[in-house]
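Undergrad: Sharing structure33.txt below, compact mmCIF, C-alpha atoms:
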```txt
# COMPACT_ATOMS: atom_id res chain seq x y z
CA MET A 1092 143.08 159.95 73.54
CA ASN A 1093 140.92 161.06 76.46
CA VAL A 1094 143.22 163.49 78.27
CA ASP A 1095 140.79 163.97 81.17
CA GLU A 1096 141.08 160.30 82.09
CA LEU A 1097 144.89 160.27 82.04
CA VAL A 1098 146.85 160.35 85.28
CA ALA A 1099 149.93 161.77 83.56
CA ILE A 1100 151.68 162.35 80.24
CA ASP A 1101 155.24 161.06 80.03
CA VAL A 1102 157.01 163.16 77.38
CA HIS A 1103 160.21 161.11 77.20
CA THR A 1104 160.28 157.38 76.41
CA HIS A 1105 162.47 155.35 74.07
CA ALA A 1106 161.64 152.73 71.46
CA GLU A 1107 164.76 150.58 71.78
CA VAL A 1108 163.87 147.53 69.69
CA SER A 1109 162.08 147.12 66.36
CA SER A 1110 159.45 144.55 65.48
CA LYS A 1111 162.24 142.57 63.80
CA GLY A 1112 164.29 142.49 67.02
CA GLN A 1113 166.76 145.14 65.87
CA ALA A 1114 168.15 147.10 68.84
CA SER A 1115 168.81 150.82 68.53
CA LEU A 1116 172.03 150.58 70.59
CA ASP A 1117 174.88 148.15 70.20
CA ALA A 1118 175.18 145.62 73.02
CA GLY A 1119 178.16 147.29 74.69
CA LEU A 1120 176.48 150.69 75.02
CA ALA A 1121 173.16 149.14 76.02
CA ASP A 1122 174.70 146.99 78.75
CA ALA A 1123 176.74 149.90 80.12
CA SER A 1124 173.72 152.20 80.24
CA SER A 1125 171.66 149.50 81.96
CA ALA A 1126 174.33 149.28 84.65
CA TYR A 1127 174.49 153.09 84.91
CA PHE A 1128 170.72 153.42 85.41
CA LYS A 1129 170.42 150.22 87.47
CA VAL A 1130 167.72 149.05 85.10
CA GLU A 1131 165.26 146.54 86.51
CA GLY A 1132 162.88 144.59 84.30
CA ASN A 1133 162.61 144.59 80.52
CA ARG A 1134 165.21 146.89 78.94
CA GLU A 1135 163.86 146.38 75.42
CA PRO A 1136 160.04 146.35 75.47
CA THR A 1137 158.39 146.26 72.06
CA LEU A 1138 156.15 149.15 71.06
CA PRO A 1139 152.95 147.15 71.72
CA GLU A 1140 154.36 146.21 75.13
CA MET A 1141 155.05 149.88 75.85
CA ALA A 1142 151.48 150.76 74.92
CA ALA A 1143 150.10 148.08 77.23
CA TYR A 1144 152.42 149.23 80.03
CA TYR A 1145 151.20 152.84 79.86
CA ARG A 1146 147.56 151.87 79.30
CA GLU A 1147 147.65 149.82 82.49
CA ARG A 1148 148.84 152.94 84.35
CA ARG A 1149 146.32 155.28 82.69
CA MET A 1150 149.15 157.34 81.27
CA ALA A 1151 150.11 158.54 77.80
CA ALA A 1152 153.67 158.53 76.53
CA VAL A 1153 155.66 160.37 73.88
CA VAL A 1154 157.82 157.72 72.21
CA PHE A 1155 160.82 158.02 69.88
CA THR A 1156 163.97 156.36 68.67
CA VAL A 1157 167.40 158.02 68.27
CA ASP A 1158 168.92 158.21 64.80
CA ALA A 1159 172.68 158.35 65.26
CA GLU A 1160 173.70 155.84 62.61
CA SER A 1161 176.32 158.10 61.04
CA ALA A 1162 178.19 158.28 64.37
CA THR A 1163 177.52 154.83 65.84
CA GLY A 1164 176.99 152.59 62.81
CA THR A 1165 173.81 151.23 64.40
CA ALA A 1166 170.52 151.82 62.61
CA PRO A 1167 167.66 153.24 64.69
CA VAL A 1168 164.22 151.73 65.10
CA PRO A 1169 162.45 153.04 61.96
CA ASN A 1170 160.55 156.26 62.58
CA GLU A 1171 157.69 154.93 60.46
CA GLU A 1172 157.37 151.90 62.72
CA VAL A 1173 157.17 154.12 65.80
CA ALA A 1174 154.51 156.29 64.15
CA GLU A 1175 152.46 153.31 63.00
CA ALA A 1176 152.56 151.72 66.45
CA ALA A 1177 151.41 155.03 67.93
CA ALA A 1178 148.56 155.18 65.43
CA ASP A 1179 147.55 151.65 66.45
CA ASN A 1180 147.64 152.71 70.11
CA ALA A 1181 146.51 156.30 69.80
CA ASP A 1182 144.85 156.22 73.22
CA VAL A 1183 148.27 156.10 74.92
CA LEU A 1184 151.17 156.67 72.48
CA ILE A 1185 152.23 159.98 70.90
CA PRO A 1186 154.78 159.65 68.07
CA PHE A 1187 157.99 161.65 67.85
CA ALA A 1188 160.72 160.87 65.34
CA SER A 1189 164.50 161.24 65.27
CA LEU A 1190 166.60 162.33 62.31
CA ASP A 1191 170.37 162.62 62.14
CA PRO A 1192 171.22 166.20 61.01
CA HIS A 1193 174.22 164.77 59.19
CA ARG A 1194 171.76 163.28 56.68
CA GLY A 1195 171.29 166.79 55.25
CA ARG A 1196 168.55 167.37 52.70
CA ALA A 1197 167.39 163.77 52.97
CA ALA A 1198 166.54 164.37 56.64
CA VAL A 1199 164.72 167.59 55.78
CA LYS A 1200 162.58 165.80 53.19
CA GLN A 1201 161.88 162.93 55.56
CA ALA A 1202 160.90 165.28 58.40
CA ARG A 1203 158.14 166.84 56.34
CA ARG A 1204 156.88 163.44 55.21
CA LEU A 1205 156.84 162.10 58.77
CA VAL A 1206 154.71 165.01 59.96
CA GLU A 1207 152.36 165.17 56.99
CA GLU A 1208 151.91 161.45 56.28
CA TYR A 1209 152.57 159.78 59.65
CA GLY A 1210 151.31 162.34 62.14
CA VAL A 1211 154.63 162.74 63.96
CA ARG A 1212 154.35 165.46 66.63
CA GLY A 1213 158.00 166.19 67.33
CA PHE A 1214 161.65 165.28 66.78
CA LYS A 1215 164.25 164.02 69.24
CA PHE A 1216 167.85 165.19 68.92
CA HIS A 1217 170.73 163.76 70.95
CA PRO A 1218 173.66 166.09 70.22
CA SER A 1219 176.22 164.03 72.16
CA ILE A 1220 175.45 160.76 70.40
CA GLN A 1221 174.76 162.41 67.03
CA ALA A 1222 177.98 164.45 67.36
CA PHE A 1223 176.72 167.92 66.45
CA PHE A 1224 176.21 171.23 68.20
CA PRO A 1225 172.51 172.21 68.14
CA ASN A 1226 173.43 175.64 66.75
CA ASP A 1227 175.41 174.15 63.86
CA ARG A 1228 173.89 175.42 60.61
CA LEU A 1229 173.84 171.86 59.25
CA ALA A 1230 170.60 171.35 61.25
CA TYR A 1231 168.92 174.64 60.41
CA GLU A 1232 166.91 173.48 57.39
CA LEU A 1233 165.60 170.68 59.58
CA TYR A 1234 164.54 173.17 62.25
CA GLU A 1235 162.80 175.26 59.58
CA VAL A 1236 160.55 172.34 58.68
CA ILE A 1237 159.88 171.50 62.33
CA GLU A 1238 158.93 175.10 63.09
CA GLU A 1239 156.82 175.45 59.93
CA THR A 1240 154.82 172.29 60.64
CA GLY A 1241 154.25 173.19 64.30
CA ALA A 1242 156.15 170.16 65.56
CA ILE A 1243 158.38 170.11 68.64
CA ALA A 1244 162.18 169.86 68.82
CA LEU A 1245 163.34 167.90 71.87
CA PHE A 1246 167.06 168.10 72.68
CA HIS A 1247 168.99 165.86 75.04
CA THR A 1248 170.95 168.12 77.40
CA GLY A 1249 173.62 167.48 80.01
CA GLN A 1250 175.54 164.33 80.75
CA THR A 1251 174.34 161.09 79.17
CA GLY A 1252 174.17 157.58 80.57
CA ILE A 1253 174.93 156.29 77.06
CA GLY A 1254 178.66 155.53 77.00
CA ALA A 1255 179.05 156.02 80.75
CA GLY A 1256 181.60 153.53 82.08
CA VAL A 1257 182.78 152.51 78.61
CA PRO A 1258 186.44 153.32 77.80
CA GLY A 1259 186.52 156.84 76.42
CA GLY A 1260 182.78 157.07 76.97
CA GLY A 1261 182.33 155.11 73.77
CA GLY A 1262 183.64 158.14 71.91
CA ILE A 1263 180.58 160.16 72.96
CA ARG A 1264 181.43 163.78 73.80
CA LEU A 1265 179.47 165.67 76.42
CA LYS A 1266 180.32 169.14 75.10
CA TYR A 1267 177.62 168.99 72.42
CA SER A 1268 174.81 168.86 74.98
CA ASN A 1269 175.29 172.13 76.82
CA PRO A 1270 171.78 173.68 76.70
CA LEU A 1271 173.28 177.09 76.00
CA HIS A 1272 173.82 175.96 72.40
CA VAL A 1273 170.04 175.56 72.13
CA ASP A 1274 169.64 179.23 73.07
CA ASP A 1275 170.90 180.13 69.60
CA VAL A 1276 168.28 177.83 68.07
CA ALA A 1277 165.53 179.43 70.15
CA ALA A 1278 166.69 182.90 69.10
CA ASP A 1279 166.96 182.02 65.41
CA PHE A 1280 163.62 180.15 65.36
CA PRO A 1281 161.41 182.20 67.69
CA HIS A 1282 158.26 180.17 66.95
CA LEU A 1283 159.89 176.75 67.36
CA LYS A 1284 158.59 174.75 70.31
CA ILE A 1285 161.58 173.33 72.19
CA ILE A 1286 162.02 170.88 75.06
CA LEU A 1287 165.33 170.67 76.93
CA ALA A 1288 165.44 167.06 78.10
CA HIS A 1289 166.66 166.14 81.58
CA PRO A 1290 168.12 168.03 84.50
CA SER A 1291 171.07 169.40 82.53
CA PHE A 1292 174.01 168.40 84.76
CA PRO A 1293 176.50 170.10 84.86
CA TRP A 1294 174.69 172.98 83.13
CA GLN A 1295 171.48 173.21 85.16
CA ASP A 1296 171.66 176.98 85.58
CA GLU A 1297 172.18 177.44 81.83
CA ALA A 1298 169.03 175.42 81.12
CA LEU A 1299 167.00 177.45 83.60
CA ALA A 1300 168.30 180.69 82.09
CA VAL A 1301 167.37 179.64 78.55
CA ALA A 1302 163.90 178.43 79.59
CA THR A 1303 163.08 181.61 81.49
CA HIS A 1304 164.40 183.85 78.70
CA LYS A 1305 162.94 182.14 75.62
CA PRO A 1306 159.13 181.69 75.62
CA GLY A 1307 159.19 178.58 73.44
CA VAL A 1308 161.63 176.60 75.59
CA HIS A 1309 160.44 173.99 78.08
CA ILE A 1310 162.24 171.51 80.35
CA ASP A 1311 161.44 167.84 80.85
CA LEU A 1312 162.47 166.12 84.06
CA SER A 1313 163.38 162.72 82.64
CA GLY A 1314 166.44 160.59 83.25
CA TRP A 1315 166.81 161.40 86.94
CA SER A 1316 164.92 160.28 89.99
CA PRO A 1317 163.30 163.43 91.45
CA LYS A 1318 165.11 162.83 94.75
CA TYR A 1319 168.31 163.89 92.97
CA PHE A 1320 166.95 167.10 91.41
CA PRO A 1321 169.13 170.18 92.08
CA PRO A 1322 167.47 172.64 94.50
CA GLN A 1323 167.35 175.43 91.91
CA LEU A 1324 165.44 173.18 89.49
CA VAL A 1325 162.80 172.49 92.14
CA GLN A 1326 162.62 176.19 92.99
CA TYR A 1327 162.07 177.24 89.36
CA ALA A 1328 159.60 174.40 88.74
CA ASN A 1329 157.53 175.74 91.64
CA THR A 1330 157.66 179.36 90.47
CA LEU A 1331 158.93 180.94 87.24
CA LEU A 1332 158.78 177.74 85.17
CA LYS A 1333 155.65 176.16 86.64
CA ASP A 1334 153.97 176.27 83.22
CA LYS A 1335 157.03 175.03 81.30
CA VAL A 1336 158.24 171.97 83.22
CA LEU A 1337 157.15 168.51 82.06
CA PHE A 1338 157.04 165.00 83.49
CA GLY A 1339 159.30 162.58 81.64
CA SER A 1340 160.71 159.28 82.83
CA ASP A 1341 163.27 158.03 80.24
CA TYR A 1342 161.52 154.64 80.14
CA PRO A 1343 162.67 151.89 79.87
CA VAL A 1344 165.91 152.88 81.66
CA LEU A 1345 163.90 154.70 84.35
CA THR A 1346 160.33 153.64 84.94
CA PRO A 1347 157.46 156.05 85.54
CA ASP A 1348 156.63 154.03 88.67
CA ARG A 1349 159.98 154.82 90.23
CA TRP A 1350 159.92 158.44 89.05
CA LEU A 1351 156.43 159.14 90.36
CA ALA A 1352 157.10 157.49 93.72
CA ASP A 1353 160.01 159.85 94.28
CA PHE A 1354 158.12 162.83 92.84
CA ASP A 1355 155.43 162.31 95.49
CA LYS A 1356 158.08 163.08 98.12
CA LEU A 1357 159.37 166.21 96.39
CA GLU A 1358 158.41 169.63 97.77
CA ILE A 1359 156.25 170.70 94.85
CA LYS A 1360 153.23 172.95 95.41
CA GLU A 1361 149.92 171.14 95.12
CA ALA A 1362 148.74 173.61 92.48
CA VAL A 1363 151.87 172.92 90.42
CA ARG A 1364 151.84 169.10 90.51
CA PRO A 1365 149.07 168.62 87.92
CA LYS A 1366 150.77 171.13 85.65
CA ILE A 1367 154.00 169.12 85.66
CA LEU A 1368 152.36 165.71 85.43
CA LYS A 1369 149.88 166.45 82.65
CA GLU A 1370 148.56 169.92 81.97
CA ASN A 1371 151.72 171.53 80.60
CA ALA A 1372 152.37 168.62 78.25
CA ALA A 1373 148.74 168.50 77.08
CA ARG A 1374 148.90 172.17 76.13
CA LEU A 1375 152.32 171.94 74.43
CA LEU A 1376 151.32 168.83 72.47
CA GLY A 1377 148.01 170.34 71.42
CA LEU A 1378 145.98 167.76 73.33
CA ALA A 1379 144.26 170.16 75.71
```
How does the structure come out when it is put into structure tokens?
TA:
Amino acid sequence: MNVDELVAIDVHTHAEVSSKGQASLDAGLADASSAYFKVEGNREPTLPEMAAYYRERRMAAVVFTVDAESATGTAPVPNEEVAEAAADNADVLIPFASLDPHRGRAAVKQARRLVEEYGVRGFKFHPSIQAFFPNDRLAYELYEVIEETGAIALFHTGQTGIGAGVPGGGGIRLKYSNPLHVDDVAADFPHLKIILAHPSFPWQDEALAVATHKPGVHIDLSGWSPKYFPPQLVQYANTLLKDKVLFGSDYPVLTPDRWLADFDKLEIKEAVRPKILKENAARLLGLA
């Protein structure tokens, strides 16, 4: 990967279909989230299609699945498949994995193997879909391995478009994704690199507080068009958190094209723009 030639690094994209055509969400949740995000174009690109999409745009992308099988009954896209596709497209794809903390010791063992044998650079957690509080001790052995191997823990925070509009939200509970629960994780694992994903509605101030207080905590800006960013998020991105805020789209539900077009209109300092779009991510991912 030639970082100097990249326009941007997107730290938040989803592998939503396997090479065998297996979707990572059941049809009801997928259709509802597509309506919520007003998805245009291909909702389920294959991993090679994602690589081609980002290569065409001279961007790199962190890609992952979400393992929430114990809560949803739907198997994720295999982490190994994501990692292998990233290895085949190493000029543009950076592999993260996802492990359900409810898998216990099996997840801990798999995490180490994914880092050591497959080159996985981080792990995506979605507390609302996986139905666990980030500071629940059931996940702590998993965090120990992630911290020890130098990988990154990326946590969904705030409201989720998954389940939105479905009766009862599809059983998905928002309470798990308050970023303040991640503060405990950052305190208990002081050398763990953490990303709080998304503007954390309705807990934006909590996310900003955690990121300014804990050196290892970063914020990605995925899942929202920048034109909807809360004013305090823009203020902190321009100042106190200028080295800790990261471009993320949430592709394929939100495209980088749409995100970047709206980001161009946002009042971000010219010296800060390259930090958000590429430099901060390159440093955090060890690419710089």
Undergrad: Provide the CA of Leu1375 in chain A to CA of Tyr1144 in chain A distance in Å, to one decimal place.
TA: 23.4 Å
Undergrad: Please provide the set of residues having any atom within 7 Å of range 1095-1103 of chain A, restricted to all atoms listed in the file, with same-chain residues fewer than 5 positions apart removed, written as a ChimeraX atom specification.
TA: /A:1149-1154,1313,1338-1341,1368-1369,1372
Undergrad: Pick from A:Pro1317, A:Val1157, A:Gly1249, A:Thr1330: nearest to Asp1296 in chain A, with all atoms listed in the file counted?
TA: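 Among the listed residues, the smallest separation from Asp1296 in chain A belongs to A:Gly1249.
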Undergrad: Just checking: using all atoms listed in the file, which residue out of A:Glu1171, A:Glu1370, A:Asp1275, A:Asp1182 ends up closest to Lys1305 in chain A?
TA: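 So, comparing all the options, the nearest one is A:Asp1275.
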Undergrad: Please provide as a list in words all residues within 10 Å of Gln1250 in chain A, with the sequence filter that same-chain residues fewer than 2 positions apart are discarded (counting all atoms listed in the file).
TA: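 So, after excluding close chain neighbours, the residues are Ser1219, His1247, Thr1248, Gly1252, Ile1253, Ala1255, Arg1264, Leu1265, Lys1266, Tyr1267, Ser1268, Asn1269, His1289, Pro1290, Ser1291, Phe1292, Pro1293 and Trp1294 of chain A.
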Undergrad: Just the residues within 10 Å of Thr1240 in chain A, please, counting only C-alpha atoms, with nothing from its chain fewer than 5 positions along; format it as JSON, numbers by chain.
TA: {"A": [1202, 1203, 1206, 1207, 1212, 1213, 1234, 1235, 1283]}
Undergrad: For C-alpha atoms, I'd like the residues from the last selection saved as a JSON list (two decimals), keeping the file's coordinate frame.
TA:
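Result file is result-v2.json:
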```json
[["chain", "number", "residue", "atom", "x", "y", "z"],
["A", 1202, "ALA", "CA", 160.90, 165.28, 58.40],
["A", 1203, "ARG", "CA", 158.14, 166.84, 56.34],
["A", 1206, "VAL", "CA", 154.71, 165.01, 59.96],
["A", 1207, "GLU", "CA", 152.36, 165.17, 56.99],
["A", 1212, "ARG", "CA", 154.35, 165.46, 66.63],
["A", 1213, "GLY", "CA", 158.00, 166.19, 67.33],
["A", 1234, "TYR", "CA", 164.54, 173.17, 62.25],
["A", 1235, "GLU", "CA", 162.80, 175.26, 59.58],
["A", 1283, "LEU", "CA", 159.89, 176.75, 67.36]]
```
Undergrad: Return the single residue from A:Tyr1327, A:Trp1315, A:Phe1280, A:Phe1223 that is closest to Ala1162 in chain A, with distances computed using only C-alpha atoms.
TA: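 Looking only at the distances to Ala1162 in chain A, the closest residue turns out to be A:Phe1223.
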Undergrad: Mind giving me the straight-line distance from CA of Glu1297 in chain A to CA of Leu1376 in chain A in Å, one decimal?
TA: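 Computed distance, CA of Glu1297 in chain A to CA of Leu1376 in chain A, equals 24.4 Å.
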Undergrad: Using CA of Gly1112 in chain A and CA of Arg1148 in chain A as the two end points, give the distance in Å to one decimal.
TA: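 Atom-to-atom, CA of Gly1112 in chain A to CA of Arg1148 in chain A, that is 25.5 Å.
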Undergrad: Counting only C-alpha atoms, find the residues whose atoms lie at most 7 Å from (154.6, 175.8, 85.1) (file coordinates) and write them out as a list in words.
TA: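 Residues found, by chain and rising number: Ala1328, Leu1332, Lys1333, Asp1334, Lys1335, Val1336, Val1363, Lys1366, Ile1367 and Asn1371 of chain A.
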Undergrad: Save range 1095-1196 of chain A of the structure in the block above to a file, with C-alpha atoms included, as a PDB file, in the first residue's frame.
TA:
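New file out.pdb:
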```
ATOM      1  CA  ASP A1095       1.440   8.798  -0.257  1.00  0.00           C
ATOM      2  CA  GLU A1096      -0.638   8.093  -3.354  1.00  0.00           C
ATOM      3  CA  LEU A1097      -3.897   7.636  -1.441  1.00  0.00           C
ATOM      4  CA  VAL A1098      -6.495  10.394  -1.395  1.00  0.00           C
ATOM      5  CA  ALA A1099      -8.036   9.102   1.830  1.00  0.00           C
ATOM      6  CA  ILE A1100      -8.316   6.147   4.204  1.00  0.00           C
ATOM      7  CA  ASP A1101     -11.855   5.050   5.017  1.00  0.00           C
ATOM      8  CA  VAL A1102     -11.710   3.334   8.421  1.00  0.00           C
ATOM      9  CA  HIS A1103     -15.273   1.991   8.429  1.00  0.00           C
ATOM     10  CA  THR A1104     -16.682  -0.269   5.703  1.00  0.00           C
ATOM     11  CA  HIS A1105     -18.730  -3.455   5.887  1.00  0.00           C
ATOM     12  CA  ALA A1106     -18.371  -6.806   4.157  1.00  0.00           C
ATOM     13  CA  GLU A1107     -22.053  -7.728   3.889  1.00  0.00           C
ATOM     14  CA  VAL A1108     -21.969 -10.785   1.628  1.00  0.00           C
ATOM     15  CA  SER A1109     -19.633 -13.778   1.417  1.00  0.00           C
ATOM     16  CA  SER A1110     -18.207 -15.351  -1.711  1.00  0.00           C
ATOM     17  CA  LYS A1111     -20.947 -17.977  -1.388  1.00  0.00           C
ATOM     18  CA  GLY A1112     -23.677 -15.320  -1.418  1.00  0.00           C
ATOM     19  CA  GLN A1113     -24.346 -15.533   2.323  1.00  0.00           C
ATOM     20  CA  ALA A1114     -25.573 -12.183   3.689  1.00  0.00           C
ATOM     21  CA  SER A1115     -24.469 -10.997   7.124  1.00  0.00           C
ATOM     22  CA  LEU A1116     -27.937  -9.572   7.912  1.00  0.00           C
ATOM     23  CA  ASP A1117     -31.300 -11.218   7.510  1.00  0.00           C
ATOM     24  CA  ALA A1118     -33.444  -9.748   4.741  1.00  0.00           C
ATOM     25  CA  GLY A1119     -35.785  -7.862   7.080  1.00  0.00           C
ATOM     26  CA  LEU A1120     -33.006  -5.982   8.875  1.00  0.00           C
ATOM     27  CA  ALA A1121     -31.099  -5.368   5.642  1.00  0.00           C
ATOM     28  CA  ASP A1122     -34.132  -3.935   3.846  1.00  0.00           C
ATOM     29  CA  ALA A1123     -35.047  -1.714   6.800  1.00  0.00           C
ATOM     30  CA  SER A1124     -31.514  -0.349   7.098  1.00  0.00           C
ATOM     31  CA  SER A1125     -31.391   0.315   3.353  1.00  0.00           C
ATOM     32  CA  ALA A1126     -34.561   2.383   3.692  1.00  0.00           C
ATOM     33  CA  TYR A1127     -33.163   4.163   6.763  1.00  0.00           C
ATOM     34  CA  PHE A1128     -29.936   5.148   4.981  1.00  0.00           C
ATOM     35  CA  LYS A1129     -31.638   5.735   1.609  1.00  0.00           C
ATOM     36  CA  VAL A1130     -29.122   3.389   0.035  1.00  0.00           C
ATOM     37  CA  GLU A1131     -28.490   3.895  -3.658  1.00  0.00           C
ATOM     38  CA  GLY A1132     -26.625   1.346  -5.750  1.00  0.00           C
ATOM     39  CA  ASN A1133     -25.289  -2.052  -4.720  1.00  0.00           C
ATOM     40  CA  ARG A1134     -26.086  -2.812  -1.074  1.00  0.00           C
ATOM     41  CA  GLU A1135     -24.116  -6.061  -1.072  1.00  0.00           C
ATOM     42  CA  PRO A1136     -20.871  -5.635  -3.037  1.00  0.00           C
ATOM     43  CA  THR A1137     -18.491  -8.575  -2.890  1.00  0.00           C
ATOM     44  CA  LEU A1138     -15.061  -8.063  -1.375  1.00  0.00           C
ATOM     45  CA  PRO A1139     -13.350  -7.953  -4.805  1.00  0.00           C
ATOM     46  CA  GLU A1140     -15.959  -5.394  -5.906  1.00  0.00           C
ATOM     47  CA  MET A1141     -15.204  -3.303  -2.816  1.00  0.00           C
ATOM     48  CA  ALA A1142     -11.496  -3.415  -3.614  1.00  0.00           C
ATOM     49  CA  ALA A1143     -12.129  -2.276  -7.186  1.00  0.00           C
ATOM     50  CA  TYR A1144     -14.448   0.484  -5.952  1.00  0.00           C
ATOM     51  CA  TYR A1145     -11.818   1.943  -3.601  1.00  0.00           C
ATOM     52  CA  ARG A1146      -8.949   1.417  -6.040  1.00  0.00           C
ATOM     53  CA  GLU A1147     -10.823   3.463  -8.630  1.00  0.00           C
ATOM     54  CA  ARG A1148     -11.066   6.304  -6.091  1.00  0.00           C
ATOM     55  CA  ARG A1149      -7.429   6.025  -4.961  1.00  0.00           C
ATOM     56  CA  MET A1150      -8.571   5.285  -1.428  1.00  0.00           C
ATOM     57  CA  ALA A1151      -7.870   2.537   1.087  1.00  0.00           C
ATOM     58  CA  ALA A1152     -10.558   1.007   3.269  1.00  0.00           C
ATOM     59  CA  VAL A1153     -10.717  -0.839   6.569  1.00  0.00           C
ATOM     60  CA  VAL A1154     -13.200  -3.672   6.030  1.00  0.00           C
ATOM     61  CA  PHE A1155     -14.964  -5.975   8.496  1.00  0.00           C
ATOM     62  CA  THR A1156     -18.016  -8.079   9.119  1.00  0.00           C
ATOM     63  CA  VAL A1157     -20.136  -8.126  12.309  1.00  0.00           C
ATOM     64  CA  ASP A1158     -20.347 -11.351  14.293  1.00  0.00           C
ATOM     65  CA  ALA A1159     -23.651 -11.275  16.163  1.00  0.00           C
ATOM     66  CA  GLU A1160     -24.811 -14.807  15.458  1.00  0.00           C
ATOM     67  CA  SER A1161     -25.652 -15.579  19.085  1.00  0.00           C
ATOM     68  CA  ALA A1162     -28.141 -12.687  19.149  1.00  0.00           C
ATOM     69  CA  THR A1163     -29.464 -12.707  15.572  1.00  0.00           C
ATOM     70  CA  GLY A1164     -29.068 -16.308  14.432  1.00  0.00           C
ATOM     71  CA  THR A1165     -27.380 -15.093  11.244  1.00  0.00           C
ATOM     72  CA  ALA A1166     -23.788 -16.125  10.611  1.00  0.00           C
ATOM     73  CA  PRO A1167     -21.341 -13.361   9.676  1.00  0.00           C
ATOM     74  CA  VAL A1168     -19.152 -13.246   6.605  1.00  0.00           C
ATOM     75  CA  PRO A1169     -16.164 -15.364   7.740  1.00  0.00           C
ATOM     76  CA  ASN A1170     -13.348 -13.276   9.193  1.00  0.00           C
ATOM     77  CA  GLU A1171     -10.839 -15.440   7.333  1.00  0.00           C
ATOM     78  CA  GLU A1172     -12.508 -14.611   4.024  1.00  0.00           C
ATOM     79  CA  VAL A1173     -12.293 -10.889   4.764  1.00  0.00           C
ATOM     80  CA  ALA A1174      -8.619 -11.208   5.691  1.00  0.00           C
ATOM     81  CA  GLU A1175      -7.784 -13.264   2.612  1.00  0.00           C
ATOM     82  CA  ALA A1176      -9.550 -10.801   0.313  1.00  0.00           C
ATOM     83  CA  ALA A1177      -7.589  -7.975   1.950  1.00  0.00           C
ATOM     84  CA  ALA A1178      -4.351  -9.883   1.406  1.00  0.00           C
ATOM     85  CA  ASP A1179      -5.278 -10.305  -2.262  1.00  0.00           C
ATOM     86  CA  ASN A1180      -5.975  -6.559  -2.496  1.00  0.00           C
ATOM     87  CA  ALA A1181      -3.400  -5.249  -0.066  1.00  0.00           C
ATOM     88  CA  ASP A1182      -3.005  -2.008  -2.022  1.00  0.00           C
ATOM     89  CA  VAL A1183      -6.488  -0.878  -0.924  1.00  0.00           C
ATOM     90  CA  LEU A1184      -8.020  -3.161   1.754  1.00  0.00           C
ATOM     91  CA  ILE A1185      -7.070  -3.342   5.449  1.00  0.00           C
ATOM     92  CA  PRO A1186      -8.571  -6.308   7.335  1.00  0.00           C
ATOM     93  CA  PHE A1187     -10.416  -6.021  10.629  1.00  0.00           C
ATOM     94  CA  ALA A1188     -12.348  -8.905  12.145  1.00  0.00           C
ATOM     95  CA  SER A1189     -15.414  -9.210  14.369  1.00  0.00           C
ATOM     96  CA  LEU A1190     -15.897 -11.667  17.218  1.00  0.00           C
ATOM     97  CA  ASP A1191     -18.949 -12.097  19.403  1.00  0.00           C
ATOM     98  CA  PRO A1192     -17.839 -11.738  23.069  1.00  0.00           C
ATOM     99  CA  HIS A1193     -20.488 -14.293  23.983  1.00  0.00           C
ATOM    100  CA  ARG A1194     -18.267 -16.921  22.316  1.00  0.00           C
ATOM    101  CA  GLY A1195     -15.970 -16.720  25.353  1.00  0.00           C
ATOM    102  CA  ARG A1196     -12.624 -18.503  25.231  1.00  0.00           C
TER     103      ARG A1196
END
```
